[in-house]
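All remarks here apply to the structure that follows.
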Amino acid sequence: MNNKLTPRERFGLLLIDEVPDRVVTYPLITSHAAAIMGCTVAEYCTNGITLGNAQMEAWRLYNHDAISIFTDVGLIAEAFGSHYAIPENDVPILTEPCLKDTAKMDVLTIPEPENSGRLPVYLDAIDCCYRAVGDLVPIIAFIPAPFTTAAQLRGISHFLKDTIRTPEIAHSLLN
């Protein structure tokens, strides 16, 4: 085994249950990358080139083994139609869930990544990072999980109530 593996080689060994040259380091660096780059969190969350460059700056500073593309838990819900306030120096905040009325669940359609909400921001950030590091460093885009997304679609309180009062609606939304 090489004494100095690339981050991709190191991750690859883990996937086949082999021991890499050192422990894989992969901190989830989110809006802290904005501070490293000197941009606002709002710009980090809404501009893919800024997001990608900020993550690259964090990677250069900390030399970890993978690059994180992640801004906030509302990404998918926003693409479906939930509304978010985007403060200058904080992560986006849910202001209006798109499913106040569960009768409208049937009209939800799968978002188009190229033009729904901030999904294009992620695509631009991934492209920016890939152009910078190619196949040397894994680029991992975090997508909020179904439970988190469901809560962002309905509003957290409403969704939690749904899980108890109308679990069939909660399950349908999760699906």
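Letters A, B, ... go to the chains of the structure tokens in the order shown; residues in each chain start at 1; ligands are counted from 1 in the same order.
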Quick one: which region 6-79 of chain A residues come within 10 Å of region 134-143 of chain A, and what is the nearest atom pair for each with the distance in Å to one decimal, counting only C-alpha atoms, rows ordered by chain and ascending number, as JSON lines?
{"residue": "A:Thr6", "atom": "CA", "partner": "A:Leu136", "partner_atom": "CA", "distance": 6.0}
{"residue": "A:Pro7", "atom": "CA", "partner": "A:Val137", "partner_atom": "CA", "distance": 5.2}
{"residue": "A:Arg8", "atom": "CA", "partner": "A:Val137", "partner_atom": "CA", "distance": 5.1}
{"residue": "A:Glu9", "atom": "CA", "partner": "A:Leu136", "partner_atom": "CA", "distance": 7.9}
{"residue": "A:Arg10", "atom": "CA", "partner": "A:Val137", "partner_atom": "CA", "distance": 9.5}
{"residue": "A:Phe11", "atom": "CA", "partner": "A:Pro138", "partner_atom": "CA", "distance": 7.9}
{"residue": "A:Gly12", "atom": "CA", "partner": "A:Pro138", "partner_atom": "CA", "distance": 9.6}
{"residue": "A:Leu28", "atom": "CA", "partner": "A:Phe142", "partner_atom": "CA", "distance": 9.6}
{"residue": "A:Gln55", "atom": "CA", "partner": "A:Ile139", "partner_atom": "CA", "distance": 9.9}
{"residue": "A:Trp59", "atom": "CA", "partner": "A:Val137", "partner_atom": "CA", "distance": 9.6}
{"residue": "A:His64", "atom": "CA", "partner": "A:Val137", "partner_atom": "CA", "distance": 9.2}
{"residue": "A:Asp65", "atom": "CA", "partner": "A:Val137", "partner_atom": "CA", "distance": 6.5}
{"residue": "A:Ala66", "atom": "CA", "partner": "A:Pro138", "partner_atom": "CA", "distance": 4.9}
{"residue": "A:Ile67", "atom": "CA", "partner": "A:Ile139", "partner_atom": "CA", "distance": 4.8}
{"residue": "A:Ser68", "atom": "CA", "partner": "A:Ile140", "partner_atom": "CA", "distance": 5.1}
{"residue": "A:Ile69", "atom": "CA", "partner": "A:Ala141", "partner_atom": "CA", "distance": 4.4}
{"residue": "A:Phe70", "atom": "CA", "partner": "A:Phe142", "partner_atom": "CA", "distance": 5.4}
{"residue": "A:Thr71", "atom": "CA", "partner": "A:Phe142", "partner_atom": "CA", "distance": 8.5}
{"residue": "A:Asp72", "atom": "CA", "partner": "A:Ile143", "partner_atom": "CA", "distance": 9.0}
{"residue": "A:Val73", "atom": "CA", "partner": "A:Ile143", "partner_atom": "CA", "distance": 7.7}
{"residue": "A:Gly74", "atom": "CA", "partner": "A:Ile143", "partner_atom": "CA", "distance": 9.3}
{"residue": "A:Leu75", "atom": "CA", "partner": "A:Ile143", "partner_atom": "CA", "distance": 7.4}
{"residue": "A:Ile76", "atom": "CA", "partner": "A:Ile143", "partner_atom": "CA", "distance": 7.4}
Would you mind exporting the chosen residues as an mmCIF file, in the first residue's frame, restricted to N, CA and C atoms?
data_model
loop_
_atom_site.group_PDB
_atom_site.id
_atom_site.type_symbol
_atom_site.label_atom_id
_atom_site.label_comp_id
_atom_site.auth_asym_id
_atom_site.auth_seq_id
_atom_site.Cartn_x
_atom_site.Cartn_y
_atom_site.Cartn_z
ATOM 1 N N THR A 6 -4.438 9.190 -2.142
ATOM 2 C CA THR A 6 -5.336 10.318 -2.384
ATOM 3 C C THR A 6 -6.595 10.093 -1.554
ATOM 4 N N PRO A 7 -7.353 11.150 -1.289
ATOM 5 C CA PRO A 7 -8.602 10.957 -0.549
ATOM 6 C C PRO A 7 -9.538 9.940 -1.222
ATOM 7 N N ARG A 8 -9.620 9.945 -2.543
ATOM 8 C CA ARG A 8 -10.484 8.982 -3.236
ATOM 9 C C ARG A 8 -9.980 7.556 -3.022
ATOM 10 N N GLU A 9 -8.677 7.346 -3.093
ATOM 11 C CA GLU A 9 -8.114 6.010 -2.847
ATOM 12 C C GLU A 9 -8.404 5.565 -1.412
ATOM 13 N N ARG A 10 -8.260 6.500 -0.478
ATOM 14 C CA ARG A 10 -8.518 6.202 0.938
ATOM 15 C C ARG A 10 -9.970 5.775 1.136
ATOM 16 N N PHE A 11 -10.909 6.537 0.566
ATOM 17 C CA PHE A 11 -12.338 6.177 0.645
ATOM 18 C C PHE A 11 -12.588 4.835 -0.032
ATOM 19 N N GLY A 12 -11.952 4.621 -1.187
ATOM 20 C CA GLY A 12 -12.144 3.377 -1.925
ATOM 21 C C GLY A 12 -11.743 2.157 -1.125
ATOM 22 N N LEU A 28 -18.250 17.493 8.506
ATOM 23 C CA LEU A 28 -19.329 18.121 7.742
ATOM 24 C C LEU A 28 -19.190 19.629 7.929
ATOM 25 N N GLN A 55 -16.347 25.625 -0.265
ATOM 26 C CA GLN A 55 -15.991 24.270 0.151
ATOM 27 C C GLN A 55 -14.556 23.927 -0.262
ATOM 28 N N TRP A 59 -11.525 22.872 2.192
ATOM 29 C CA TRP A 59 -10.736 21.677 1.928
ATOM 30 C C TRP A 59 -9.238 22.004 1.894
ATOM 31 N N HIS A 64 -9.105 17.747 4.562
ATOM 32 C CA HIS A 64 -9.897 16.558 4.891
ATOM 33 C C HIS A 64 -10.106 15.714 3.636
ATOM 34 N N ASP A 65 -10.747 14.567 3.797
ATOM 35 C CA ASP A 65 -10.781 13.566 2.736
ATOM 36 C C ASP A 65 -12.004 13.593 1.824
ATOM 37 N N ALA A 66 -12.930 14.491 2.027
ATOM 38 C CA ALA A 66 -14.074 14.601 1.121
ATOM 39 C C ALA A 66 -14.641 16.016 1.235
ATOM 40 N N ILE A 67 -15.253 16.447 0.157
ATOM 41 C CA ILE A 67 -15.839 17.788 0.111
ATOM 42 C C ILE A 67 -17.347 17.656 0.267
ATOM 43 N N SER A 68 -17.916 18.466 1.157
ATOM 44 C CA SER A 68 -19.361 18.431 1.433
ATOM 45 C C SER A 68 -20.077 19.520 0.661
ATOM 46 N N ILE A 69 -21.109 19.126 -0.061
ATOM 47 C CA ILE A 69 -21.996 20.116 -0.664
ATOM 48 C C ILE A 69 -23.275 20.066 0.167
ATOM 49 N N PHE A 70 -23.434 21.070 1.021
ATOM 50 C CA PHE A 70 -24.594 21.096 1.917
ATOM 51 C C PHE A 70 -24.805 22.520 2.408
ATOM 52 N N THR A 71 -26.063 22.940 2.417
ATOM 53 C CA THR A 71 -26.384 24.263 2.941
ATOM 54 C C THR A 71 -27.350 24.164 4.115
ATOM 55 N N ASP A 72 -28.499 23.502 3.893
ATOM 56 C CA ASP A 72 -29.538 23.475 4.922
ATOM 57 C C ASP A 72 -30.511 22.342 4.637
ATOM 58 N N VAL A 73 -31.382 22.064 5.605
ATOM 59 C CA VAL A 73 -32.303 20.935 5.490
ATOM 60 C C VAL A 73 -33.524 21.238 4.625
ATOM 61 N N GLY A 74 -33.688 22.447 4.154
ATOM 62 C CA GLY A 74 -34.867 22.809 3.379
ATOM 63 C C GLY A 74 -34.733 22.653 1.875
ATOM 64 N N LEU A 75 -33.610 22.174 1.407
ATOM 65 C CA LEU A 75 -33.327 22.125 -0.026
ATOM 66 C C LEU A 75 -34.424 21.439 -0.846
ATOM 67 N N ILE A 76 -34.825 20.256 -0.458
ATOM 68 C CA ILE A 76 -35.803 19.498 -1.249
ATOM 69 C C ILE A 76 -37.201 20.085 -1.073
#
### Message
Can you tell me, as an MDAnalysis selection string, which residues in chain A count as strand (DSSP E or B) by DSSP?
### Response
chainID A and resid 67:69 83:85 93:96 139:141
### Task
Name the residues in contact with Thr46 (chain A) at a cut-off of 12 Å, using only C-alpha atoms, excluding same-chain residues fewer than 2 positions from it; report them as a PyMOL selection string.
chain A and resi 31+34+39-44+48-52+70-72+75+84-88+91-92+117-125
### Task
May I have all residues of region 21-166 of chain A that DSSP, computed from the backbone, assigns to helix (DSSP H, G or I), given as JSON, numbers by chain?
{"A": [32, 33, 34, 35, 36, 37, 41, 42, 43, 44, 45, 46, 48, 49, 50, 51, 52, 53, 54, 55, 56, 57, 58, 59, 60, 61, 62, 75, 76, 77, 78, 79, 80, 102, 103, 104, 105, 106, 107, 119, 120, 121, 122, 123, 124, 125, 126, 127, 128, 129, 130, 131, 132, 133, 146, 147, 148, 149, 150, 151, 152, 153, 154, 156, 157, 158, 159, 160, 161, 162, 163, 164, 165]}
### Task
Skip region 95-106 of chain A itself and residues of its chain fewer than 2 positions away, then list as a list in words all residues within 8 Å of it, counting only C-alpha atoms.
Ala77, Phe80, Gly81, Ser82, His83, Tyr84, Ala85, Ile93, Leu108, Gln152, Leu153, Arg154, Gly155, Ile169 and Leu173 of chain A
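Distance annotation: of A:Ala170, A:Ile126, A:Ala33, A:Val19, the residue with the minimal separation from His158 (chain A) is A:Ala170; atom set is only C-alpha atoms.
Take the candidates A:Leu14, A:Val24, A:Cys45, A:Ala54 and check each one against Cys128 (chain A) using only C-alpha atoms; the shortest distance goes to A:Ala54.
As for CA of Val23 (chain A) and CA of Tyr62 (chain A), they are spaced 14.5 Å apart.
Note that the spacing between CA of Ser172 (chain A) and CA of Glu114 (chain A) amounts to 25.7 Å.
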